[in-house]
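Asker: Input file: run_37.pdb. Contents: PDB, C-alpha atoms and all ligand atoms.
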```
ATOM      1  CA  MET M   1     -80.176 -22.242  -2.827  1.00  0.00           C
ATOM      2  CA  MET M   2     -80.000 -25.369  -0.732  1.00  0.00           C
ATOM      3  CA  PRO M   3     -78.203 -25.068   2.589  1.00  0.00           C
ATOM      4  CA  HIS M   4     -74.674 -26.481   2.531  1.00  0.00           C
ATOM      5  CA  ARG M   5     -74.991 -29.098   5.203  1.00  0.00           C
ATOM      6  CA  GLY M   6     -78.670 -29.714   4.748  1.00  0.00           C
ATOM      7  CA  ILE M   7     -78.505 -31.214   1.286  1.00  0.00           C
ATOM      8  CA  GLY M   8     -78.895 -34.587   3.046  1.00  0.00           C
ATOM      9  CA  MET M   9     -81.027 -36.920   0.928  1.00  0.00           C
ATOM     10  CA  THR M  10     -80.336 -35.050  -2.275  1.00  0.00           C
ATOM     11  CA  SER M  11     -76.650 -35.553  -1.757  1.00  0.00           C
ATOM     12  CA  GLN M  12     -77.050 -39.278  -1.005  1.00  0.00           C
ATOM     13  CA  ARG M  13     -79.030 -39.862  -4.181  1.00  0.00           C
ATOM     14  CA  THR M  14     -76.729 -37.832  -6.390  1.00  0.00           C
ATOM     15  CA  ARG M  15     -73.688 -39.494  -4.810  1.00  0.00           C
ATOM     16  CA  GLU M  16     -75.153 -42.905  -5.640  1.00  0.00           C
ATOM     17  CA  ARG M  17     -75.621 -41.752  -9.229  1.00  0.00           C
ATOM     18  CA  LEU M  18     -71.971 -40.687  -9.318  1.00  0.00           C
ATOM     19  CA  VAL M  19     -70.906 -44.143  -8.076  1.00  0.00           C
ATOM     20  CA  GLN M  20     -72.958 -45.722 -10.861  1.00  0.00           C
ATOM     21  CA  ARG M  21     -71.313 -43.496 -13.451  1.00  0.00           C
ATOM     22  CA  LEU M  22     -67.856 -44.435 -12.153  1.00  0.00           C
ATOM     23  CA  GLU M  23     -68.758 -48.130 -12.392  1.00  0.00           C
ATOM     24  CA  GLU M  24     -69.845 -47.583 -15.991  1.00  0.00           C
ATOM     25  CA  GLN M  25     -66.478 -45.979 -16.663  1.00  0.00           C
ATOM     26  CA  GLY M  26     -64.679 -49.091 -15.443  1.00  0.00           C
ATOM     27  CA  ILE M  27     -64.003 -48.458 -11.754  1.00  0.00           C
ATOM     28  CA  ARG M  28     -64.333 -51.912 -10.173  1.00  0.00           C
ATOM     29  CA  HIS M  29     -62.737 -51.892  -6.728  1.00  0.00           C
ATOM     30  CA  PRO M  30     -65.624 -52.257  -4.221  1.00  0.00           C
ATOM     31  CA  GLY M  31     -63.660 -50.448  -1.498  1.00  0.00           C
ATOM     32  CA  VAL M  32     -63.051 -47.450  -3.751  1.00  0.00           C
ATOM     33  CA  LEU M  33     -66.701 -47.268  -4.808  1.00  0.00           C
ATOM     34  CA  ASP M  34     -67.758 -47.554  -1.171  1.00  0.00           C
ATOM     35  CA  ALA M  35     -65.369 -44.819  -0.060  1.00  0.00           C
ATOM     36  CA  ILE M  36     -66.850 -42.493  -2.695  1.00  0.00           C
ATOM     37  CA  ARG M  37     -70.366 -43.529  -1.660  1.00  0.00           C
ATOM     38  CA  HIS M  38     -69.653 -42.546   1.955  1.00  0.00           C
ATOM     39  CA  THR M  39     -67.550 -39.416   1.554  1.00  0.00           C
ATOM     40  CA  PRO M  40     -69.549 -36.160   1.418  1.00  0.00           C
ATOM     41  CA  ARG M  41     -67.722 -34.356  -1.435  1.00  0.00           C
ATOM     42  CA  HIS M  42     -70.044 -31.357  -1.009  1.00  0.00           C
ATOM     43  CA  LEU M  43     -68.271 -30.591   2.276  1.00  0.00           C
ATOM     44  CA  PHE M  44     -64.948 -30.283   0.409  1.00  0.00           C
ATOM     45  CA  VAL M  45     -66.023 -27.504  -1.969  1.00  0.00           C
ATOM     46  CA  ASP M  46     -67.205 -23.929  -1.439  1.00  0.00           C
ATOM     47  CA  GLU M  47     -70.822 -23.589  -0.418  1.00  0.00           C
ATOM     48  CA  ALA M  48     -71.719 -21.942  -3.741  1.00  0.00           C
ATOM     49  CA  LEU M  49     -70.579 -25.074  -5.612  1.00  0.00           C
ATOM     50  CA  ALA M  50     -72.073 -27.685  -3.232  1.00  0.00           C
ATOM     51  CA  SER M  51     -74.925 -28.458  -5.622  1.00  0.00           C
ATOM     52  CA  ARG M  52     -72.373 -29.502  -8.270  1.00  0.00           C
ATOM     53  CA  ALA M  53     -70.251 -31.644  -5.948  1.00  0.00           C
ATOM     54  CA  TYR M  54     -71.490 -34.975  -7.380  1.00  0.00           C
ATOM     55  CA  GLU M  55     -70.900 -34.140 -11.006  1.00  0.00           C
ATOM     56  CA  ASP M  56     -67.922 -36.023 -12.391  1.00  0.00           C
ATOM     57  CA  THR M  57     -65.895 -32.887 -12.834  1.00  0.00           C
ATOM     58  CA  ALA M  58     -63.017 -30.985 -11.263  1.00  0.00           C
ATOM     59  CA  LEU M  59     -64.155 -27.850  -9.407  1.00  0.00           C
ATOM     60  CA  PRO M  60     -62.302 -24.751  -8.268  1.00  0.00           C
ATOM     61  CA  ILE M  61     -61.302 -24.493  -4.598  1.00  0.00           C
ATOM     62  CA  SER M  62     -59.611 -21.362  -3.261  1.00  0.00           C
ATOM     63  CA  TYR M  63     -56.134 -20.010  -4.180  1.00  0.00           C
ATOM     64  CA  GLY M  64     -56.476 -20.984  -7.842  1.00  0.00           C
ATOM     65  CA  GLN M  65     -56.435 -24.727  -6.997  1.00  0.00           C
ATOM     66  CA  THR M  66     -58.893 -27.478  -7.908  1.00  0.00           C
ATOM     67  CA  ILE M  67     -60.507 -30.529  -6.349  1.00  0.00           C
ATOM     68  CA  SER M  68     -59.832 -33.354  -8.818  1.00  0.00           C
ATOM     69  CA  GLN M  69     -62.475 -34.994 -10.973  1.00  0.00           C
ATOM     70  CA  PRO M  70     -64.029 -37.975  -9.091  1.00  0.00           C
ATOM     71  CA  TYR M  71     -63.122 -40.361 -11.930  1.00  0.00           C
ATOM     72  CA  ILE M  72     -59.435 -39.431 -11.576  1.00  0.00           C
ATOM     73  CA  VAL M  73     -59.606 -39.778  -7.774  1.00  0.00           C
ATOM     74  CA  ALA M  74     -61.193 -43.224  -8.194  1.00  0.00           C
ATOM     75  CA  ARG M  75     -58.761 -44.333 -10.903  1.00  0.00           C
ATOM     76  CA  MET M  76     -55.682 -43.226  -8.960  1.00  0.00           C
ATOM     77  CA  THR M  77     -56.952 -44.757  -5.724  1.00  0.00           C
ATOM     78  CA  GLU M  78     -57.689 -48.045  -7.478  1.00  0.00           C
ATOM     79  CA  ALA M  79     -54.196 -48.140  -9.001  1.00  0.00           C
ATOM     80  CA  LEU M  80     -52.576 -47.399  -5.631  1.00  0.00           C
ATOM     81  CA  LEU M  81     -54.573 -50.075  -3.810  1.00  0.00           C
ATOM     82  CA  GLU M  82     -53.261 -52.872  -6.027  1.00  0.00           C
ATOM     83  CA  GLY M  83     -50.220 -52.773  -3.762  1.00  0.00           C
ATOM     84  CA  ALA M  84     -52.450 -53.083  -0.621  1.00  0.00           C
ATOM     85  CA  PRO M  85     -50.717 -50.114   1.067  1.00  0.00           C
ATOM     86  CA  GLU M  86     -50.943 -49.504   4.825  1.00  0.00           C
ATOM     87  CA  LYS M  87     -49.095 -46.200   4.912  1.00  0.00           C
ATOM     88  CA  ILE M  88     -49.709 -43.645   2.165  1.00  0.00           C
ATOM     89  CA  LEU M  89     -48.180 -40.234   1.443  1.00  0.00           C
ATOM     90  CA  GLU M  90     -50.139 -37.666  -0.562  1.00  0.00           C
ATOM     91  CA  ILE M  91     -48.560 -34.526  -2.028  1.00  0.00           C
ATOM     92  CA  GLY M  92     -51.062 -31.700  -2.571  1.00  0.00           C
ATOM     93  CA  THR M  93     -53.798 -31.926   0.100  1.00  0.00           C
ATOM     94  CA  GLY M  94     -55.925 -29.255  -1.608  1.00  0.00           C
ATOM     95  CA  SER M  95     -59.499 -29.673  -0.384  1.00  0.00           C
ATOM     96  CA  GLY M  96     -58.629 -32.893   1.464  1.00  0.00           C
ATOM     97  CA  TYR M  97     -61.071 -35.032  -0.541  1.00  0.00           C
ATOM     98  CA  GLN M  98     -58.503 -37.467  -1.976  1.00  0.00           C
ATOM     99  CA  ALA M  99     -56.969 -37.914   1.488  1.00  0.00           C
ATOM    100  CA  ALA M 100     -60.437 -38.577   2.964  1.00  0.00           C
ATOM    101  CA  ILE M 101     -61.022 -41.325   0.391  1.00  0.00           C
ATOM    102  CA  LEU M 102     -57.615 -42.894   1.127  1.00  0.00           C
ATOM    103  CA  ALA M 103     -58.216 -42.727   4.880  1.00  0.00           C
ATOM    104  CA  ARG M 104     -61.099 -45.196   4.498  1.00  0.00           C
ATOM    105  CA  LEU M 105     -58.837 -47.666   2.699  1.00  0.00           C
ATOM    106  CA  ALA M 106     -55.453 -47.521   4.458  1.00  0.00           C
ATOM    107  CA  ALA M 107     -54.208 -47.440   8.045  1.00  0.00           C
ATOM    108  CA  GLU M 108     -52.367 -44.089   7.930  1.00  0.00           C
ATOM    109  CA  VAL M 109     -52.428 -41.226   5.459  1.00  0.00           C
ATOM    110  CA  TYR M 110     -49.812 -38.456   5.505  1.00  0.00           C
ATOM    111  CA  THR M 111     -50.570 -35.440   3.332  1.00  0.00           C
ATOM    112  CA  VAL M 112     -48.529 -32.321   2.571  1.00  0.00           C
ATOM    113  CA  GLU M 113     -49.893 -28.980   1.299  1.00  0.00           C
ATOM    114  CA  ARG M 114     -47.849 -25.863   0.523  1.00  0.00           C
ATOM    115  CA  ILE M 115     -50.673 -23.342   1.112  1.00  0.00           C
ATOM    116  CA  GLU M 116     -51.273 -22.870   4.814  1.00  0.00           C
ATOM    117  CA  ALA M 117     -54.935 -21.811   4.526  1.00  0.00           C
ATOM    118  CA  LEU M 118     -55.787 -24.965   2.537  1.00  0.00           C
ATOM    119  CA  LYS M 119     -53.966 -27.132   5.068  1.00  0.00           C
ATOM    120  CA  LYS M 120     -55.956 -25.578   7.932  1.00  0.00           C
ATOM    121  CA  GLN M 121     -59.269 -25.947   6.148  1.00  0.00           C
ATOM    122  CA  ALA M 122     -58.561 -29.586   5.273  1.00  0.00           C
ATOM    123  CA  ARG M 123     -57.505 -30.372   8.836  1.00  0.00           C
ATOM    124  CA  LYS M 124     -60.812 -28.937  10.084  1.00  0.00           C
ATOM    125  CA  ARG M 125     -62.770 -31.119   7.643  1.00  0.00           C
ATOM    126  CA  PHE M 126     -60.885 -34.253   8.736  1.00  0.00           C
ATOM    127  CA  ALA M 127     -61.700 -33.446  12.383  1.00  0.00           C
ATOM    128  CA  GLU M 128     -65.388 -32.864  11.594  1.00  0.00           C
ATOM    129  CA  LEU M 129     -65.587 -36.160   9.711  1.00  0.00           C
ATOM    130  CA  LYS M 130     -63.632 -37.913  12.508  1.00  0.00           C
ATOM    131  CA  LEU M 131     -60.951 -39.077  10.083  1.00  0.00           C
ATOM    132  CA  ARG M 132     -58.266 -39.467  12.745  1.00  0.00           C
ATOM    133  CA  ASN M 133     -55.765 -41.405  10.640  1.00  0.00           C
ATOM    134  CA  ILE M 134     -54.897 -38.428   8.401  1.00  0.00           C
ATOM    135  CA  HIS M 135     -51.837 -36.358   9.282  1.00  0.00           C
ATOM    136  CA  VAL M 136     -51.452 -33.003   7.512  1.00  0.00           C
ATOM    137  CA  LYS M 137     -48.591 -30.570   7.362  1.00  0.00           C
ATOM    138  CA  GLN M 138     -47.686 -27.434   5.463  1.00  0.00           C
ATOM    139  CA  ASP M 139     -44.461 -27.831   3.517  1.00  0.00           C
ATOM    140  CA  ASP M 140     -42.999 -28.174   0.039  1.00  0.00           C
ATOM    141  CA  GLY M 141     -44.250 -31.640  -0.815  1.00  0.00           C
ATOM    142  CA  GLY M 142     -41.530 -32.081  -3.406  1.00  0.00           C
ATOM    143  CA  LEU M 143     -39.399 -32.926  -0.394  1.00  0.00           C
ATOM    144  CA  GLY M 144     -41.859 -35.566   0.801  1.00  0.00           C
ATOM    145  CA  TRP M 145     -42.239 -36.198   4.537  1.00  0.00           C
ATOM    146  CA  PRO M 146     -39.016 -38.058   5.394  1.00  0.00           C
ATOM    147  CA  GLU M 147     -39.779 -38.543   9.117  1.00  0.00           C
ATOM    148  CA  HIS M 148     -42.434 -41.169   8.366  1.00  0.00           C
ATOM    149  CA  ALA M 149     -40.776 -42.842   5.351  1.00  0.00           C
ATOM    150  CA  PRO M 150     -40.768 -45.381   3.830  1.00  0.00           C
ATOM    151  CA  TYR M 151     -44.300 -45.293   2.387  1.00  0.00           C
ATOM    152  CA  ASP M 152     -46.073 -48.220   0.755  1.00  0.00           C
ATOM    153  CA  ALA M 153     -47.625 -45.796  -1.704  1.00  0.00           C
ATOM    154  CA  ILE M 154     -47.244 -42.154  -2.729  1.00  0.00           C
ATOM    155  CA  ILE M 155     -49.812 -40.132  -4.666  1.00  0.00           C
ATOM    156  CA  VAL M 156     -48.871 -36.774  -6.133  1.00  0.00           C
ATOM    157  CA  THR M 157     -51.931 -34.702  -7.035  1.00  0.00           C
ATOM    158  CA  ALA M 158     -50.106 -31.846  -8.754  1.00  0.00           C
ATOM    159  CA  ALA M 159     -48.182 -31.975 -12.028  1.00  0.00           C
ATOM    160  CA  SER M 160     -44.419 -32.375 -11.897  1.00  0.00           C
ATOM    161  CA  VAL M 161     -41.944 -31.821 -14.747  1.00  0.00           C
ATOM    162  CA  GLU M 162     -40.159 -35.037 -13.776  1.00  0.00           C
ATOM    163  CA  VAL M 163     -40.544 -37.875 -11.270  1.00  0.00           C
ATOM    164  CA  PRO M 164     -39.488 -36.204  -7.983  1.00  0.00           C
ATOM    165  CA  ALA M 165     -36.294 -37.938  -6.808  1.00  0.00           C
ATOM    166  CA  ALA M 166     -36.888 -37.210  -3.103  1.00  0.00           C
ATOM    167  CA  LEU M 167     -40.198 -39.054  -3.307  1.00  0.00           C
ATOM    168  CA  ILE M 168     -38.724 -42.152  -4.943  1.00  0.00           C
ATOM    169  CA  ALA M 169     -36.243 -42.275  -2.064  1.00  0.00           C
ATOM    170  CA  GLN M 170     -39.168 -42.374   0.410  1.00  0.00           C
ATOM    171  CA  LEU M 171     -40.976 -45.215  -1.341  1.00  0.00           C
ATOM    172  CA  ALA M 172     -40.612 -48.730   0.110  1.00  0.00           C
ATOM    173  CA  THR M 173     -39.185 -51.394  -2.198  1.00  0.00           C
ATOM    174  CA  GLY M 174     -42.149 -52.765  -4.151  1.00  0.00           C
ATOM    175  CA  GLY M 175     -44.110 -49.600  -3.308  1.00  0.00           C
ATOM    176  CA  ARG M 176     -46.023 -47.673  -5.962  1.00  0.00           C
ATOM    177  CA  MET M 177     -46.235 -43.986  -6.715  1.00  0.00           C
ATOM    178  CA  LEU M 178     -48.706 -42.206  -8.958  1.00  0.00           C
ATOM    179  CA  VAL M 179     -47.507 -38.911 -10.351  1.00  0.00           C
ATOM    180  CA  PRO M 180     -48.667 -36.716 -13.245  1.00  0.00           C
ATOM    181  CA  VAL M 181     -45.538 -35.842 -15.221  1.00  0.00           C
ATOM    182  CA  GLY M 182     -45.314 -33.374 -18.076  1.00  0.00           C
ATOM    183  CA  ALA M 183     -45.989 -29.842 -19.220  1.00  0.00           C
ATOM    184  CA  PRO M 184     -48.680 -27.564 -17.752  1.00  0.00           C
ATOM    185  CA  GLY M 185     -52.065 -28.358 -19.272  1.00  0.00           C
ATOM    186  CA  ALA M 186     -51.607 -32.057 -20.002  1.00  0.00           C
ATOM    187  CA  GLN M 187     -49.501 -34.738 -18.382  1.00  0.00           C
ATOM    188  CA  ASP M 188     -48.999 -38.485 -18.376  1.00  0.00           C
ATOM    189  CA  LEU M 189     -50.194 -40.121 -15.191  1.00  0.00           C
ATOM    190  CA  LEU M 190     -47.224 -42.349 -14.372  1.00  0.00           C
ATOM    191  CA  LEU M 191     -47.275 -45.455 -12.238  1.00  0.00           C
ATOM    192  CA  VAL M 192     -43.801 -45.693 -10.728  1.00  0.00           C
ATOM    193  CA  THR M 193     -42.779 -48.922  -8.970  1.00  0.00           C
ATOM    194  CA  ARG M 194     -39.751 -48.960  -6.709  1.00  0.00           C
ATOM    195  CA  THR M 195     -37.427 -51.903  -7.392  1.00  0.00           C
ATOM    196  CA  PRO M 196     -34.299 -52.958  -5.456  1.00  0.00           C
ATOM    197  CA  GLN M 197     -32.196 -51.432  -8.278  1.00  0.00           C
ATOM    198  CA  GLY M 198     -34.139 -48.253  -8.955  1.00  0.00           C
ATOM    199  CA  TYR M 199     -37.623 -47.843 -10.389  1.00  0.00           C
ATOM    200  CA  GLU M 200     -39.877 -48.765 -13.282  1.00  0.00           C
ATOM    201  CA  ARG M 201     -42.427 -46.443 -14.853  1.00  0.00           C
ATOM    202  CA  ARG M 202     -45.545 -46.931 -16.938  1.00  0.00           C
ATOM    203  CA  ALA M 203     -47.977 -44.320 -18.286  1.00  0.00           C
ATOM    204  CA  LEU M 204     -51.621 -44.984 -17.368  1.00  0.00           C
ATOM    205  CA  GLU M 205     -53.454 -42.118 -19.055  1.00  0.00           C
ATOM    206  CA  ARG M 206     -53.460 -38.443 -19.996  1.00  0.00           C
ATOM    207  CA  VAL M 207     -54.466 -36.101 -17.177  1.00  0.00           C
ATOM    208  CA  SER M 208     -54.510 -32.391 -16.404  1.00  0.00           C
ATOM    209  CA  PHE M 209     -53.387 -31.251 -12.955  1.00  0.00           C
ATOM    210  CA  VAL M 210     -52.393 -27.861 -11.534  1.00  0.00           C
ATOM    211  CA  PRO M 211     -48.593 -27.555 -11.243  1.00  0.00           C
ATOM    212  CA  LEU M 212     -46.449 -28.772  -8.368  1.00  0.00           C
ATOM    213  CA  LEU M 213     -44.776 -25.559  -7.162  1.00  0.00           C
ATOM    214  CA  SER M 214     -41.751 -25.307  -4.923  1.00  0.00           C
ATOM    215  CA  GLY M 215     -41.629 -23.616  -1.537  1.00  0.00           C
ATOM    216  CA  VAL M 216     -44.546 -22.811   0.788  1.00  0.00           C
ATOM    217  CA  ALA M 217     -47.208 -20.089   0.594  1.00  0.00           C
TER     218      ALA M 217
HETATM  219  N1  LIG K   1     -55.710 -33.760  -3.812  1.00  0.00           N
HETATM  220  C1  LIG K   1     -56.466 -32.512  -3.839  1.00  0.00           C
HETATM  221  C2  LIG K   1     -56.385 -31.786  -5.157  1.00  0.00           C
HETATM  222  C3  LIG K   1     -55.054 -31.186  -5.301  1.00  0.00           C
HETATM  223  S1  LIG K   1     -54.906 -29.703  -6.268  1.00  0.00           S
HETATM  224  C4  LIG K   1     -57.912 -32.723  -3.483  1.00  0.00           C
HETATM  225  O1  LIG K   1     -58.332 -33.883  -3.273  1.00  0.00           O
HETATM  226  O2  LIG K   1     -58.627 -31.729  -3.385  1.00  0.00           O
HETATM  227  C5  LIG K   1     -53.157 -29.599  -6.062  1.00  0.00           C
HETATM  228  C6  LIG K   1     -52.716 -29.109  -4.696  1.00  0.00           C
HETATM  229  O3  LIG K   1     -51.303 -29.247  -4.645  1.00  0.00           O
HETATM  230  C7  LIG K   1     -53.018 -27.639  -4.457  1.00  0.00           C
HETATM  231  O4  LIG K   1     -53.707 -27.490  -3.239  1.00  0.00           O
HETATM  232  C8  LIG K   1     -51.638 -26.997  -4.381  1.00  0.00           C
HETATM  233  O5  LIG K   1     -51.561 -25.917  -3.481  1.00  0.00           O
HETATM  234  C9  LIG K   1     -50.789 -28.165  -3.920  1.00  0.00           C
HETATM  235  N2  LIG K   1     -49.365 -28.069  -4.216  1.00  0.00           N
HETATM  236  C10 LIG K   1     -48.748 -27.586  -5.322  1.00  0.00           C
HETATM  237  N3  LIG K   1     -47.424 -27.705  -5.208  1.00  0.00           N
HETATM  238  C11 LIG K   1     -47.181 -28.274  -3.998  1.00  0.00           C
HETATM  239  C12 LIG K   1     -45.998 -28.649  -3.292  1.00  0.00           C
HETATM  240  N4  LIG K   1     -44.778 -28.464  -3.782  1.00  0.00           N
HETATM  241  N5  LIG K   1     -46.137 -29.189  -2.068  1.00  0.00           N
HETATM  242  C13 LIG K   1     -47.357 -29.400  -1.526  1.00  0.00           C
HETATM  243  N6  LIG K   1     -48.504 -29.062  -2.132  1.00  0.00           N
HETATM  244  C14 LIG K   1     -48.418 -28.512  -3.358  1.00  0.00           C
END
```
Please lay out the structure from this file as structure tokens.
Ligand code: SAH
Answerer:
Amino acid sequence: MMPHRGIGMTSQRTRERLVQRLEEQGIRHPGVLDAIRHTPRHLFVDEALASRAYEDTALPISYGQTISQPYIVARMTEALLEGAPEKILEIGTGSGYQAAILARLAAEVYTVERIEALKKQARKRFAELKLRNIHVKQDDGGLGWPEHAPYDAIIVTAASVEVPAALIAQLATGGRMLVPVGAPGAQDLLLVTRTPQGYERRALERVSFVPLLSGVA
């Protein structure tokens, strides 16, 4: 098997192929495509899966969680960027890959993970990749991260049964939130826009995320 960090050229070529595939699937934002081109996804998965890191598929990470499919990461990032956010909150750090993509496109990224070991591992990856504008903490992300609110954009990368009220409260007026809402197995990816009166919601597509759980682990 190829060494984890030594996949060098192979990884660059396969990453470029992934970018091409995403373009074919309708991802247009040059910044998003560039962020995917320059982010080593193989460093965000277990060594045994590194050779599959540039397939357009979700992969298992530890603790029964998954790193999202690159198309979904690209699609969600593109939808968030329409609001030109400076400060973004992510719920569900997982491997840290989505946060690493966002960190190339916004000034500050705050990300909350309920599983301590995943938080630690992600923090280490951010340090290694010198992504200094990502702030991670372990907590129940359903509560958001009120100390740094309001956020221009919020991205929830775990499935919720309803739009989390605490998160709407931490969204700036005009800000956008992406959140998968629905039953385990399949959800609607909702684009929620905060208005002066409340919020508006629109379903973008069907997705399948692991559940948003309460409490920390
Ligand atoms: N964005 C991740 C993929 C997330 S998988 C990536 O790029 O790899 C969903 C993650 O949400 C899991 O790591 C899970 O532990 C976490 N999670 C689930 N419920 C949570 C909650 N209430 N608060 C914070 N994180 C949560």
Asker: Given the file shown, determine the residues that the PyMOL selection byres (((chain M and resi 86) around 9) and not hetatm) selects; report them as a ChimeraX atom specification.
Answerer: /M:84-85,87-88,105-109,151-153
Asker: Here's the selection I'm unsure about, the PyMOL selection byres (((not hetatm)) within 7 of (chain K and resi 1)); applied to the file above, which residues does it give, as a PyMOL selection string?
Answerer: chain M and resi 65-68+91-99+112-115+118+139-142+157-158+210-215
Asker: Those residues with C-alpha atoms, as a PDB file, in the frame of the given file please?
Answerer:
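Result file is result.pdb:
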```
ATOM      1  CA  GLN M  65     -56.435 -24.727  -6.997  1.00  0.00           C
ATOM      2  CA  THR M  66     -58.893 -27.478  -7.908  1.00  0.00           C
ATOM      3  CA  ILE M  67     -60.507 -30.529  -6.349  1.00  0.00           C
ATOM      4  CA  SER M  68     -59.832 -33.354  -8.818  1.00  0.00           C
ATOM      5  CA  ILE M  91     -48.560 -34.526  -2.028  1.00  0.00           C
ATOM      6  CA  GLY M  92     -51.062 -31.700  -2.571  1.00  0.00           C
ATOM      7  CA  THR M  93     -53.798 -31.926   0.100  1.00  0.00           C
ATOM      8  CA  GLY M  94     -55.925 -29.255  -1.608  1.00  0.00           C
ATOM      9  CA  SER M  95     -59.499 -29.673  -0.384  1.00  0.00           C
ATOM     10  CA  GLY M  96     -58.629 -32.893   1.464  1.00  0.00           C
ATOM     11  CA  TYR M  97     -61.071 -35.032  -0.541  1.00  0.00           C
ATOM     12  CA  GLN M  98     -58.503 -37.467  -1.976  1.00  0.00           C
ATOM     13  CA  ALA M  99     -56.969 -37.914   1.488  1.00  0.00           C
ATOM     14  CA  VAL M 112     -48.529 -32.321   2.571  1.00  0.00           C
ATOM     15  CA  GLU M 113     -49.893 -28.980   1.299  1.00  0.00           C
ATOM     16  CA  ARG M 114     -47.849 -25.863   0.523  1.00  0.00           C
ATOM     17  CA  ILE M 115     -50.673 -23.342   1.112  1.00  0.00           C
ATOM     18  CA  LEU M 118     -55.787 -24.965   2.537  1.00  0.00           C
ATOM     19  CA  ASP M 139     -44.461 -27.831   3.517  1.00  0.00           C
ATOM     20  CA  ASP M 140     -42.999 -28.174   0.039  1.00  0.00           C
ATOM     21  CA  GLY M 141     -44.250 -31.640  -0.815  1.00  0.00           C
ATOM     22  CA  GLY M 142     -41.530 -32.081  -3.406  1.00  0.00           C
ATOM     23  CA  THR M 157     -51.931 -34.702  -7.035  1.00  0.00           C
ATOM     24  CA  ALA M 158     -50.106 -31.846  -8.754  1.00  0.00           C
ATOM     25  CA  VAL M 210     -52.393 -27.861 -11.534  1.00  0.00           C
ATOM     26  CA  PRO M 211     -48.593 -27.555 -11.243  1.00  0.00           C
ATOM     27  CA  LEU M 212     -46.449 -28.772  -8.368  1.00  0.00           C
ATOM     28  CA  LEU M 213     -44.776 -25.559  -7.162  1.00  0.00           C
ATOM     29  CA  SER M 214     -41.751 -25.307  -4.923  1.00  0.00           C
ATOM     30  CA  GLY M 215     -41.629 -23.616  -1.537  1.00  0.00           C
TER      31      GLY M 215
END
```
Asker: Could you check how far atom CA of Ile134 of chain M sits from atom CA of Ala100 of chain M, in Å to one decimal?
Answerer: 7.8 Å
Asker: Run the PyMOL selection byres (((chain M and resi 69-81) around 8) and not hetatm) against the file shown and list the residues it catches, as a ChimeraX atom specification.
Answerer: /M:22,27,29,32-33,36,56-59,67-68,82-85,98,102,153,155,176-178
Asker: Calculated over all atoms listed in the file, which of the candidates M:Gln138, M:Asn133, M:Thr39, M:Thr193 has the smallest distance to Val163 of chain M?
Answerer: M:Thr193
Asker: Record the distance separating atom CA of Glu47 of chain M and atom CA of Glu128 of chain M, expressed in Å with one decimal.
Answerer: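 The value is 16.1 Å.
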Asker: Between atom CA of Pro40 of chain M and atom CA of Ser11 of chain M, what is the spacing in Å?
Answerer: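 Straight-line distance from atom CA of Ser11 of chain M to atom CA of Pro40 of chain M works out to 7.8 Å.
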Asker: Find, counting only C-alpha atoms, the residue in M:Ile101, M:Val181, M:Ala217, M:Val156 that gets nearest to Glu205 of chain M.
Answerer: M:Val181
